[in-house]
>>> print(open('target_26.txt').read())   # compact mmCIF, C-alpha atoms
# COMPACT_ATOMS: atom_id res chain seq x y z
CA MET Y 923 -9.83 -7.43 -54.82
CA SER Y 924 -7.79 -10.51 -55.72
CA GLU Y 925 -5.42 -12.38 -53.46
CA PHE Y 926 -2.15 -13.40 -55.08
CA ILE Y 927 -0.55 -16.76 -54.38
CA PHE Y 928 3.17 -16.95 -55.17
CA SER Y 929 4.32 -20.03 -57.03
CA ALA Y 930 7.38 -20.86 -59.13
CA PHE Y 931 9.02 -23.26 -61.52
CA CYS Y 932 11.27 -24.24 -58.67
CA ASP Y 933 13.69 -26.22 -60.84
CA GLU Y 934 14.97 -22.86 -62.10
CA SER Y 935 16.51 -22.35 -58.67
CA GLY Y 936 19.20 -24.77 -59.83
CA GLU Y 937 18.11 -27.43 -57.35
CA ASP Y 938 17.29 -30.89 -58.71
CA THR Y 939 15.70 -32.45 -55.62
CA ILE Y 940 12.31 -31.68 -54.17
CA GLU Y 941 13.98 -30.85 -50.85
CA GLY Y 942 16.32 -28.34 -52.48
CA GLN Y 943 13.54 -26.78 -54.53
CA ILE Y 944 11.37 -26.32 -51.45
CA LYS Y 945 14.27 -24.67 -49.62
CA ALA Y 946 14.78 -22.25 -52.53
CA CYS Y 947 11.10 -21.35 -52.60
CA LYS Y 948 10.96 -20.70 -48.87
CA ALA Y 949 14.06 -18.50 -49.09
CA ASN Y 950 12.28 -16.35 -51.66
CA GLY Y 951 8.82 -15.98 -50.15
CA ILE Y 952 7.18 -18.56 -52.41
CA THR Y 953 4.57 -20.86 -50.86
CA HIS Y 954 3.50 -22.93 -53.89
CA MET Y 955 5.29 -24.78 -56.66
CA GLU Y 956 4.82 -25.46 -60.36
CA LEU Y 957 6.65 -28.76 -60.58
CA ARG Y 958 8.59 -29.55 -63.75
CA GLY Y 959 12.14 -30.94 -63.58
CA PHE Y 960 14.35 -32.87 -61.18
CA GLY Y 961 17.71 -33.18 -62.88
CA GLU Y 962 18.53 -34.42 -66.37
CA ASN Y 963 16.55 -37.66 -66.40
CA LEU Y 964 13.49 -37.03 -64.24
CA ASN Y 965 10.69 -34.61 -64.96
CA ILE Y 966 7.04 -34.30 -64.12
CA ASN Y 967 6.03 -36.07 -67.36
CA ASN Y 968 7.81 -39.29 -66.45
CA ILE Y 969 7.62 -39.63 -62.67
CA SER Y 970 5.70 -42.62 -61.39
CA VAL Y 971 2.81 -42.71 -58.99
CA GLU Y 972 5.12 -44.11 -56.31
CA GLN Y 973 7.65 -41.32 -56.84
CA ALA Y 974 4.83 -38.80 -56.59
CA LYS Y 975 3.70 -40.26 -53.28
CA ALA Y 976 7.22 -39.93 -51.90
CA MET Y 977 7.41 -36.30 -53.09
CA LYS Y 978 4.04 -35.55 -51.53
CA ARG Y 979 5.25 -36.74 -48.14
CA VAL Y 980 8.18 -34.31 -48.32
CA ILE Y 981 5.99 -31.45 -49.55
CA ASP Y 982 3.50 -31.97 -46.73
CA SER Y 983 6.23 -32.22 -44.10
CA GLU Y 984 7.53 -28.81 -45.23
CA ASN Y 985 4.05 -27.20 -45.30
CA MET Y 986 4.36 -26.42 -49.00
CA SER Y 987 1.76 -26.80 -51.74
CA VAL Y 988 1.73 -27.66 -55.43
CA ALA Y 989 -0.24 -25.15 -57.47
CA SER Y 990 0.35 -26.62 -60.90
CA ILE Y 991 2.00 -29.39 -62.84
CA GLY Y 992 4.37 -27.77 -65.35
CA SER Y 993 3.92 -30.53 -67.88
CA GLY Y 994 5.17 -30.58 -71.45
CA TYR Y 995 2.04 -32.14 -72.94
CA GLY Y 996 1.23 -30.65 -76.32
CA LYS Y 997 4.94 -30.03 -76.97
CA ILE Y 998 5.16 -32.48 -79.84
CA GLU Y 999 4.70 -31.91 -83.55
CA ILE Y 1000 1.10 -31.84 -84.72
CA THR Y 1001 2.07 -34.65 -87.11
CA ASP Y 1002 3.42 -36.88 -84.31
CA ASP Y 1003 1.35 -39.75 -82.95
CA PHE Y 1004 -0.93 -38.43 -80.23
CA GLU Y 1005 -2.07 -41.68 -78.61
CA PRO Y 1006 1.12 -42.55 -76.65
CA HIS Y 1007 1.34 -38.89 -75.67
CA PHE Y 1008 -2.22 -39.01 -74.34
CA GLU Y 1009 -1.56 -42.22 -72.42
CA ALA Y 1010 1.40 -40.56 -70.69
CA PHE Y 1011 -0.84 -37.57 -69.95
CA LYS Y 1012 -3.26 -39.86 -68.13
CA ASN Y 1013 -0.43 -41.00 -65.83
CA THR Y 1014 0.48 -37.37 -65.12
CA VAL Y 1015 -3.14 -36.68 -64.18
CA GLU Y 1016 -2.80 -39.38 -61.51
CA VAL Y 1017 0.47 -37.80 -60.38
CA ALA Y 1018 -1.20 -34.38 -60.18
CA LYS Y 1019 -3.99 -35.77 -58.01
CA ILE Y 1020 -1.48 -37.33 -55.62
CA LEU Y 1021 0.51 -34.09 -55.40
CA GLY Y 1022 -2.63 -32.04 -54.72
CA ALA Y 1023 -2.25 -29.81 -57.78
CA LYS Y 1024 -5.25 -27.97 -59.19
CA TYR Y 1025 -3.78 -27.18 -62.61
CA ILE Y 1026 -1.93 -28.96 -65.40
CA ARG Y 1027 -0.08 -26.63 -67.77
CA MET Y 1028 -0.17 -27.81 -71.40
CA PHE Y 1029 0.35 -26.68 -75.01
CA SER Y 1030 -1.24 -26.92 -78.46
CA PHE Y 1031 1.39 -28.68 -80.59
CA TYR Y 1032 4.30 -27.49 -82.65
CA PHE Y 1033 4.11 -26.43 -86.29
CA THR Y 1034 7.85 -26.15 -86.84
CA ASN Y 1035 7.83 -27.94 -90.21
CA GLY Y 1036 5.60 -25.36 -91.85
CA GLU Y 1037 2.33 -27.25 -91.56
CA SER Y 1038 -0.86 -25.34 -92.34
CA TYR Y 1039 -2.69 -24.01 -89.30
CA ASP Y 1040 -5.97 -24.21 -91.18
CA GLU Y 1041 -5.38 -27.78 -92.32
CA TYR Y 1042 -4.60 -29.03 -88.82
CA LYS Y 1043 -6.95 -26.82 -86.80
CA ALA Y 1044 -9.52 -29.59 -86.26
CA GLU Y 1045 -6.82 -32.03 -85.14
CA VAL Y 1046 -5.38 -29.50 -82.69
CA ILE Y 1047 -8.82 -28.95 -81.21
CA ARG Y 1048 -9.46 -32.70 -80.98
CA ARG Y 1049 -6.22 -33.29 -79.08
CA VAL Y 1050 -6.55 -30.31 -76.75
CA LYS Y 1051 -10.17 -31.20 -75.96
CA ALA Y 1052 -9.18 -34.78 -75.19
CA MET Y 1053 -6.72 -33.58 -72.55
CA ALA Y 1054 -9.01 -30.88 -71.16
CA ASP Y 1055 -11.95 -33.28 -70.92
CA TYR Y 1056 -9.90 -35.98 -69.21
CA ALA Y 1057 -8.49 -33.51 -66.68
CA THR Y 1058 -11.97 -32.19 -65.92
CA GLU Y 1059 -13.28 -35.72 -65.37
CA ASN Y 1060 -10.53 -36.13 -62.78
CA GLY Y 1061 -11.17 -32.87 -60.95
CA LEU Y 1062 -8.29 -30.93 -62.50
CA VAL Y 1063 -8.05 -27.92 -64.80
CA CYS Y 1064 -5.96 -27.93 -67.99
CA CYS Y 1065 -4.39 -24.53 -68.58
CA HIS Y 1066 -3.04 -23.70 -72.03
CA GLU Y 1067 0.18 -21.70 -72.21
CA ASN Y 1068 0.85 -19.45 -75.18
CA GLU Y 1069 4.21 -20.61 -76.51
CA LYS Y 1070 6.20 -19.65 -79.59
CA GLY Y 1071 5.81 -22.11 -82.45
CA ILE Y 1072 2.64 -23.87 -81.30
CA TYR Y 1073 -0.89 -23.43 -82.64
CA GLY Y 1074 -1.84 -21.16 -79.74
CA ASP Y 1075 1.03 -18.71 -80.01
CA THR Y 1076 -1.22 -15.76 -80.87
CA ALA Y 1077 -4.05 -14.42 -78.75
CA GLU Y 1078 -6.58 -15.09 -81.50
CA ARG Y 1079 -5.71 -18.78 -81.81
CA CYS Y 1080 -5.58 -19.12 -78.03
CA LEU Y 1081 -9.12 -17.76 -77.91
CA GLU Y 1082 -10.26 -20.27 -80.56
CA LEU Y 1083 -9.04 -23.17 -78.42
CA LEU Y 1084 -10.48 -21.82 -75.20
CA GLU Y 1085 -13.89 -21.25 -76.74
CA GLU Y 1086 -13.92 -24.65 -78.47
CA CYS Y 1087 -13.36 -26.35 -75.11
CA GLY Y 1088 -16.44 -24.75 -73.58
CA GLY Y 1089 -14.91 -23.70 -70.26
CA LYS Y 1090 -12.98 -26.93 -69.64
CA LEU Y 1091 -9.75 -25.28 -70.79
CA ARG Y 1092 -8.31 -22.17 -69.16
CA ALA Y 1093 -5.34 -19.97 -70.05
CA VAL Y 1094 -1.93 -19.47 -68.48
CA PHE Y 1095 -1.00 -15.96 -69.57
CA ASP Y 1096 2.72 -15.59 -70.32
CA PRO Y 1097 3.66 -12.02 -71.34
CA ALA Y 1098 7.22 -12.90 -72.38
CA ASN Y 1099 6.04 -15.62 -74.74
CA PHE Y 1100 3.65 -13.22 -76.43
CA ILE Y 1101 6.49 -10.72 -76.86
CA GLN Y 1102 8.62 -13.39 -78.50
CA CYS Y 1103 5.80 -13.86 -81.03
CA GLY Y 1104 5.51 -10.11 -81.68
CA VAL Y 1105 2.13 -9.92 -79.94
CA ASP Y 1106 1.00 -6.84 -78.02
CA THR Y 1107 0.56 -8.16 -74.49
CA VAL Y 1108 -2.18 -5.73 -73.44
CA LYS Y 1109 -4.22 -6.41 -76.58
CA ALA Y 1110 -3.78 -10.12 -75.90
CA TYR Y 1111 -5.00 -9.67 -72.34
CA ASP Y 1112 -7.97 -7.64 -73.59
CA LEU Y 1113 -8.96 -10.62 -75.72
CA LEU Y 1114 -8.26 -13.38 -73.18
CA GLU Y 1115 -8.93 -11.76 -69.81
CA HIS Y 1116 -12.05 -13.76 -68.97
CA HIS Y 1117 -10.26 -17.02 -69.81
CA VAL Y 1118 -7.05 -16.38 -67.84
CA GLU Y 1119 -6.71 -18.69 -64.84
CA TYR Y 1120 -3.20 -17.80 -63.73
CA PHE Y 1121 -0.01 -16.05 -64.84
CA HIS Y 1122 3.56 -16.93 -65.63
CA ILE Y 1123 5.60 -14.03 -64.34
CA LYS Y 1124 8.16 -13.44 -67.04
CA ASP Y 1125 9.03 -10.35 -69.11
CA ALA Y 1126 10.96 -9.83 -72.34
CA ILE Y 1127 12.19 -7.33 -74.94
CA TYR Y 1128 10.60 -7.14 -78.39
CA ALA Y 1129 13.83 -6.40 -80.25
CA ASP Y 1130 15.51 -9.74 -79.55
CA GLY Y 1131 13.06 -11.70 -77.39
CA SER Y 1132 15.48 -11.75 -74.46
CA VAL Y 1133 13.90 -12.50 -71.09
CA VAL Y 1134 14.37 -10.01 -68.24
CA PRO Y 1135 13.02 -9.69 -64.69
CA ALA Y 1136 9.32 -8.86 -64.63
CA GLY Y 1137 8.65 -5.16 -64.87
CA THR Y 1138 11.95 -4.35 -66.60
CA GLY Y 1139 10.85 -5.42 -70.08
CA GLU Y 1140 8.13 -4.47 -72.51
CA GLY Y 1141 5.40 -6.89 -71.44
CA ARG Y 1142 3.53 -4.27 -69.39
CA VAL Y 1143 3.28 -6.89 -66.67
CA LEU Y 1144 2.38 -4.41 -63.92
CA GLU Y 1145 -0.52 -3.01 -65.95
CA ILE Y 1146 -1.85 -6.48 -66.68
CA ILE Y 1147 -1.65 -7.92 -63.17
CA THR Y 1148 -3.09 -4.69 -61.75
CA ARG Y 1149 -6.15 -5.35 -63.88
CA ALA Y 1150 -6.23 -8.93 -62.64
CA ALA Y 1151 -5.92 -7.71 -59.05
CA LYS Y 1152 -9.27 -5.92 -59.40
CA GLN Y 1153 -11.03 -9.27 -59.76
CA ASP Y 1154 -12.47 -10.89 -56.66
CA ARG Y 1155 -10.64 -14.22 -56.68
CA THR Y 1156 -7.40 -15.96 -55.77
CA ILE Y 1157 -4.82 -15.82 -58.56
CA VAL Y 1158 -1.59 -17.77 -58.84
CA LEU Y 1159 1.47 -15.83 -59.98
CA SER Y 1160 3.92 -18.48 -61.09
CA LEU Y 1161 7.52 -17.37 -61.43
CA GLU Y 1162 9.37 -18.60 -64.52
CA PRO Y 1163 12.71 -16.74 -64.45
CA HIS Y 1164 14.35 -17.93 -67.71
CA LEU Y 1165 17.17 -15.48 -66.96
CA GLN Y 1166 20.67 -15.94 -68.33
CA VAL Y 1167 23.21 -17.57 -66.03
CA PHE Y 1168 26.98 -17.52 -66.63
CA GLU Y 1169 29.63 -19.54 -64.83
CA GLY Y 1170 32.68 -18.40 -62.94
CA LEU Y 1171 33.77 -15.84 -60.38
CA GLY Y 1172 36.45 -14.63 -62.77
CA ALA Y 1173 33.81 -13.68 -65.31
CA LEU Y 1174 31.88 -11.84 -62.63
CA GLU Y 1175 34.96 -9.84 -61.65
CA SER Y 1176 36.11 -9.04 -65.20
CA GLY Y 1177 32.71 -8.49 -66.74
CA THR Y 1178 33.56 -10.78 -69.67
CA LEU Y 1179 33.12 -14.44 -70.54
CA GLU Y 1180 35.96 -16.73 -71.61
CA SER Y 1181 35.13 -16.08 -75.26
CA GLY Y 1182 35.71 -12.38 -74.69
CA ARG Y 1183 32.01 -11.55 -74.93
CA THR Y 1184 30.64 -9.04 -72.46
CA ILE Y 1185 28.32 -10.48 -69.84
CA PRO Y 1186 24.76 -9.64 -70.95
CA LYS Y 1187 22.65 -7.27 -68.91
CA ASN Y 1188 20.36 -9.19 -66.53
CA ALA Y 1189 22.66 -12.21 -66.52
CA TYR Y 1190 23.56 -13.82 -63.20
CA PRO Y 1191 26.46 -15.87 -61.85
CA SER Y 1192 24.24 -18.65 -60.51
CA HIS Y 1193 20.75 -20.07 -60.81
CA ALA Y 1194 20.15 -19.24 -57.16
CA GLN Y 1195 20.87 -15.56 -57.81
CA SER Y 1196 18.79 -15.41 -60.99
CA PHE Y 1197 15.93 -17.09 -59.12
CA LYS Y 1198 16.17 -14.53 -56.30
CA ALA Y 1199 16.25 -11.59 -58.74
CA ALA Y 1200 13.17 -12.88 -60.53
CA ALA Y 1201 11.37 -13.55 -57.24
CA ASP Y 1202 12.17 -10.09 -55.90
CA ALA Y 1203 10.78 -8.55 -59.09
CA MET Y 1204 7.60 -10.62 -58.82
CA HIS Y 1205 6.98 -9.62 -55.21
CA SER Y 1206 7.60 -5.96 -56.01
CA LEU Y 1207 5.19 -5.99 -58.95
CA ALA Y 1208 2.50 -7.81 -56.97
CA GLN Y 1209 2.72 -5.29 -54.15
CA LYS Y 1210 2.43 -2.39 -56.61
CA ALA Y 1211 -0.48 -4.04 -58.43
CA LEU Y 1212 -2.44 -4.53 -55.23
CA SER Y 1213 -1.84 -0.94 -54.19
CA LEU Y 1214 -3.05 0.33 -57.58
CA ALA Y 1215 -6.06 -1.97 -57.92
>>> encode(input="target_26.txt", output="structure tokens")
Amino acid sequence: MSEFIFSAFCDESGEDTIEGQIKACKANGITHMELRGFGENLNINNISVEQAKAMKRVIDSENMSVASIGSGYGKIEITDDFEPHFEAFKNTVEVAKILGAKYIRMFSFYFTNGESYDEYKAEVIRRVKAMADYATENGLVCCHENEKGIYGDTAERCLELLEECGGKLRAVFDPANFIQCGVDTVKAYDLLEHHVEYFHIKDAIYADGSVVPAGTGEGRVLEIITRAAKQDRTIVLSLEPHLQVFEGLGALESGTLESGRTIPKNAYPSHAQSFKAAADAMHSLAQKALSLA
């Protein structure tokens, strides 16, 4: 049976310092972090080696760990110049090594201008392989996330990339993102199961793509992680809340926003509360999955 490790995109707690993000994780039973953002101007793609060393000292002093680097590499247009992007990626690999991360989350390039998937398939593979190979050479694992609008937004194209990389690329399985692309999450897991390294714990509704706490949507998250729990390995469950947050106590009391709109279901009055709701849902699902496995 698998052991689950609880991680999170800790910037979604609303905290923009590493100290604040660690505090939020500890308050919600999360021992590992998927590092991404630290306020408006600093994110994991642009921090320096020296900044990473300073963060690592704080992380170690708090007995926390970094599971993954929540990078944005591969989130440029397929027609954009790749070389400066790849050079920045190399710096983030050094940052990942300093922070003690095992994984770097990445993507397979946007096609938002209607480019042909067939025409650019070879270029996508070239770019993804370059990143996966470089990470492997440095003792890290690139993990591709299925994301709406990129080459690998369907299970079939994800599989193409994973197979082309010959084991050097693994998958981050995100049920909510598949829902937002109209993909059946269980069929996607059937296809990708042997390539899935870890999970983003996020759920959604097919009708409008809205994100909800895991287990309350249509992603069949419990069914999928129960299957994963039957494997004999350690698996990271990385929380990515993406829940709606509204401002103001008055709105909370009246049930409406200033515009007169009703507060959406599964919306929260603060990032801290949305983070807690998402974390509680993750822990509950993990417990159920382990009991069913």
>>> closest_residue(input="target_26.txt", among="Y:Gln1102, Y:Ser924, Y:Thr1014, Y:Asn963", to="Gln1209 of chain Y", atoms="all atoms listed in the file")
Y:Ser924
>>> residues_around(input="target_26.txt", residues="Glu962 of chain Y", least_positions_apart="5", cutoff="12 Å", atoms="all atoms listed in the file", output="count of residues only")
6
>>> residues_around(input="target_26.txt", residues="Phe926 of chain Y", least_positions_apart="3", cutoff="7 Å", atoms="only C-alpha atoms", output="ChimeraX atom specification")
/Y:1156-1159
>>> residues_near_point(input="target_26.txt", point="(-8.0, -2.2, -59.6)", cutoff="12 Å", atoms="all atoms listed in the file", output="PDB file with C-alpha atoms, keeping the file's coordinate frame")
ATOM      1  CA  MET Y 923      -9.830  -7.430 -54.820  1.00  0.00           C
ATOM      2  CA  SER Y 924      -7.790 -10.510 -55.720  1.00  0.00           C
ATOM      3  CA  LEU Y1144       2.380  -4.410 -63.920  1.00  0.00           C
ATOM      4  CA  GLU Y1145      -0.520  -3.010 -65.950  1.00  0.00           C
ATOM      5  CA  ILE Y1146      -1.850  -6.480 -66.680  1.00  0.00           C
ATOM      6  CA  ILE Y1147      -1.650  -7.920 -63.170  1.00  0.00           C
ATOM      7  CA  THR Y1148      -3.090  -4.690 -61.750  1.00  0.00           C
ATOM      8  CA  ARG Y1149      -6.150  -5.350 -63.880  1.00  0.00           C
ATOM      9  CA  ALA Y1150      -6.230  -8.930 -62.640  1.00  0.00           C
ATOM     10  CA  ALA Y1151      -5.920  -7.710 -59.050  1.00  0.00           C
ATOM     11  CA  LYS Y1152      -9.270  -5.920 -59.400  1.00  0.00           C
ATOM     12  CA  GLN Y1153     -11.030  -9.270 -59.760  1.00  0.00           C
ATOM     13  CA  ASP Y1154     -12.470 -10.890 -56.660  1.00  0.00           C
ATOM     14  CA  LYS Y1210       2.430  -2.390 -56.610  1.00  0.00           C
ATOM     15  CA  ALA Y1211      -0.480  -4.040 -58.430  1.00  0.00           C
ATOM     16  CA  LEU Y1212      -2.440  -4.530 -55.230  1.00  0.00           C
ATOM     17  CA  SER Y1213      -1.840  -0.940 -54.190  1.00  0.00           C
ATOM     18  CA  LEU Y1214      -3.050   0.330 -57.580  1.00  0.00           C
ATOM     19  CA  ALA Y1215      -6.060  -1.970 -57.920  1.00  0.00           C
TER      20      ALA Y1215
END
>>> atom_distance(input="target_26.txt", atom1="atom CA of Glu1009 of chain Y", atom2="atom CA of Lys1051 of chain Y")
14.4 Å
>>> closest_residue(input="target_26.txt", among="Y:Ile969, Y:Ala949, Y:Val1046, Y:Ile927", to="Lys1198 of chain Y", atoms="all atoms listed in the file")
Y:Ala949
>>> residues_around(input="target_26.txt", residues="Lys1043 of chain Y", least_positions_apart="5", cutoff="10 Å", atoms="only C-alpha atoms", output="list in words")
Ile1000, Ser1038, Arg1048, Tyr1073, Arg1079, Glu1082 and Leu1083 of chain Y
>>> closest_residue(input="target_26.txt", among="Y:Phe960, Y:Tyr1111, Y:Phe1008, Y:Phe1029", to="Gly1071 of chain Y", atoms="all atoms listed in the file")
Y:Phe1029
>>> residues_around(input="target_26.txt", residues="Phe1011 of chain Y", least_positions_apart="4", cutoff="7 Å", atoms="only C-alpha atoms", output="ChimeraX atom specification")
/Y:995,1007,1015
>>> residues_around(input="target_26.txt", residues="Leu1165 of chain Y", least_positions_apart="5", cutoff="12 Å", atoms="all atoms listed in the file", output="count of residues only")
30
>>> closest_residue(input="target_26.txt", among="Y:Ala1052, Y:Ile991, Y:Cys1103, Y:Ile1127", to="Ile1072 of chain Y", atoms="all atoms listed in the file")
Y:Cys1103
>>> atom_distance(input="target_26.txt", atom1="atom CA of Met1053 of chain Y", atom2="atom CA of Ile940 of chain Y")
26.5 Å
>>> atom_distance(input="target_26.txt", atom1="atom CA of Pro1097 of chain Y", atom2="atom CA of Glu1069 of chain Y")
10.0 Å
>>> closest_residue(input="target_26.txt", among="Y:Gly1036, Y:Gly961, Y:Gly1022, Y:Gly1104", to="Ala989 of chain Y", atoms="all atoms listed in the file")
Y:Gly1022
>>> closest_residue(input="target_26.txt", among="Y:Glu1086, Y:Glu925, Y:Glu1115, Y:Glu1045", to="Asp1003 of chain Y", atoms="all atoms listed in the file")
Y:Glu1045
>>> decode(input="target_26.txt", residues="segment 1136-1147 of chain Y", atoms="N, CA, C and O atoms", output="PDB file, in the first residue's frame")
ATOM      1  N   ALA Y1136     -11.785  19.110  -3.267  1.00  0.00           N
ATOM      2  CA  ALA Y1136     -11.649  17.741  -3.778  1.00  0.00           C
ATOM      3  C   ALA Y1136     -12.686  16.820  -3.164  1.00  0.00           C
ATOM      4  O   ALA Y1136     -12.916  16.842  -1.953  1.00  0.00           O
ATOM      5  N   GLY Y1137     -13.329  16.057  -4.037  1.00  0.00           N
ATOM      6  CA  GLY Y1137     -14.357  15.126  -3.589  1.00  0.00           C
ATOM      7  C   GLY Y1137     -15.756  15.673  -3.701  1.00  0.00           C
ATOM      8  O   GLY Y1137     -16.723  14.920  -3.585  1.00  0.00           O
ATOM      9  N   THR Y1138     -15.890  16.978  -3.962  1.00  0.00           N
ATOM     10  CA  THR Y1138     -17.220  17.579  -4.097  1.00  0.00           C
ATOM     11  C   THR Y1138     -17.549  17.906  -5.548  1.00  0.00           C
ATOM     12  O   THR Y1138     -18.623  18.438  -5.823  1.00  0.00           O
ATOM     13  N   GLY Y1139     -16.633  17.601  -6.454  1.00  0.00           N
ATOM     14  CA  GLY Y1139     -16.855  17.846  -7.875  1.00  0.00           C
ATOM     15  C   GLY Y1139     -17.075  16.568  -8.646  1.00  0.00           C
ATOM     16  O   GLY Y1139     -17.514  15.560  -8.087  1.00  0.00           O
ATOM     17  N   GLU Y1140     -16.718  16.607  -9.923  1.00  0.00           N
ATOM     18  CA  GLU Y1140     -16.968  15.471 -10.808  1.00  0.00           C
ATOM     19  C   GLU Y1140     -15.686  14.802 -11.291  1.00  0.00           C
ATOM     20  O   GLU Y1140     -15.707  14.028 -12.239  1.00  0.00           O
ATOM     21  N   GLY Y1141     -14.578  15.067 -10.596  1.00  0.00           N
ATOM     22  CA  GLY Y1141     -13.304  14.498 -11.011  1.00  0.00           C
ATOM     23  C   GLY Y1141     -13.052  13.075 -10.559  1.00  0.00           C
ATOM     24  O   GLY Y1141     -12.042  12.483 -10.936  1.00  0.00           O
ATOM     25  N   ARG Y1142     -13.961  12.539  -9.732  1.00  0.00           N
ATOM     26  CA  ARG Y1142     -13.819  11.174  -9.208  1.00  0.00           C
ATOM     27  C   ARG Y1142     -12.448  10.995  -8.550  1.00  0.00           C
ATOM     28  O   ARG Y1142     -11.751  10.005  -8.740  1.00  0.00           O
ATOM     29  N   VAL Y1143     -12.094  12.017  -7.770  1.00  0.00           N
ATOM     30  CA  VAL Y1143     -10.765  12.062  -7.162  1.00  0.00           C
ATOM     31  C   VAL Y1143     -10.568  10.907  -6.187  1.00  0.00           C
ATOM     32  O   VAL Y1143      -9.500  10.278  -6.162  1.00  0.00           O
ATOM     33  N   LEU Y1144     -11.578  10.598  -5.388  1.00  0.00           N
ATOM     34  CA  LEU Y1144     -11.452   9.500  -4.431  1.00  0.00           C
ATOM     35  C   LEU Y1144     -11.173   8.188  -5.155  1.00  0.00           C
ATOM     36  O   LEU Y1144     -10.286   7.424  -4.751  1.00  0.00           O
ATOM     37  N   GLU Y1145     -11.907   7.912  -6.211  1.00  0.00           N
ATOM     38  CA  GLU Y1145     -11.712   6.672  -6.964  1.00  0.00           C
ATOM     39  C   GLU Y1145     -10.282   6.579  -7.508  1.00  0.00           C
ATOM     40  O   GLU Y1145      -9.642   5.525  -7.448  1.00  0.00           O
ATOM     41  N   ILE Y1146      -9.787   7.695  -8.008  1.00  0.00           N
ATOM     42  CA  ILE Y1146      -8.462   7.692  -8.626  1.00  0.00           C
ATOM     43  C   ILE Y1146      -7.356   7.531  -7.587  1.00  0.00           C
ATOM     44  O   ILE Y1146      -6.441   6.712  -7.760  1.00  0.00           O
ATOM     45  N   ILE Y1147      -7.429   8.282  -6.474  1.00  0.00           N
ATOM     46  CA  ILE Y1147      -6.340   8.149  -5.507  1.00  0.00           C
ATOM     47  C   ILE Y1147      -6.453   6.844  -4.707  1.00  0.00           C
ATOM     48  O   ILE Y1147      -5.457   6.372  -4.168  1.00  0.00           O
TER      49      ILE Y1147
END
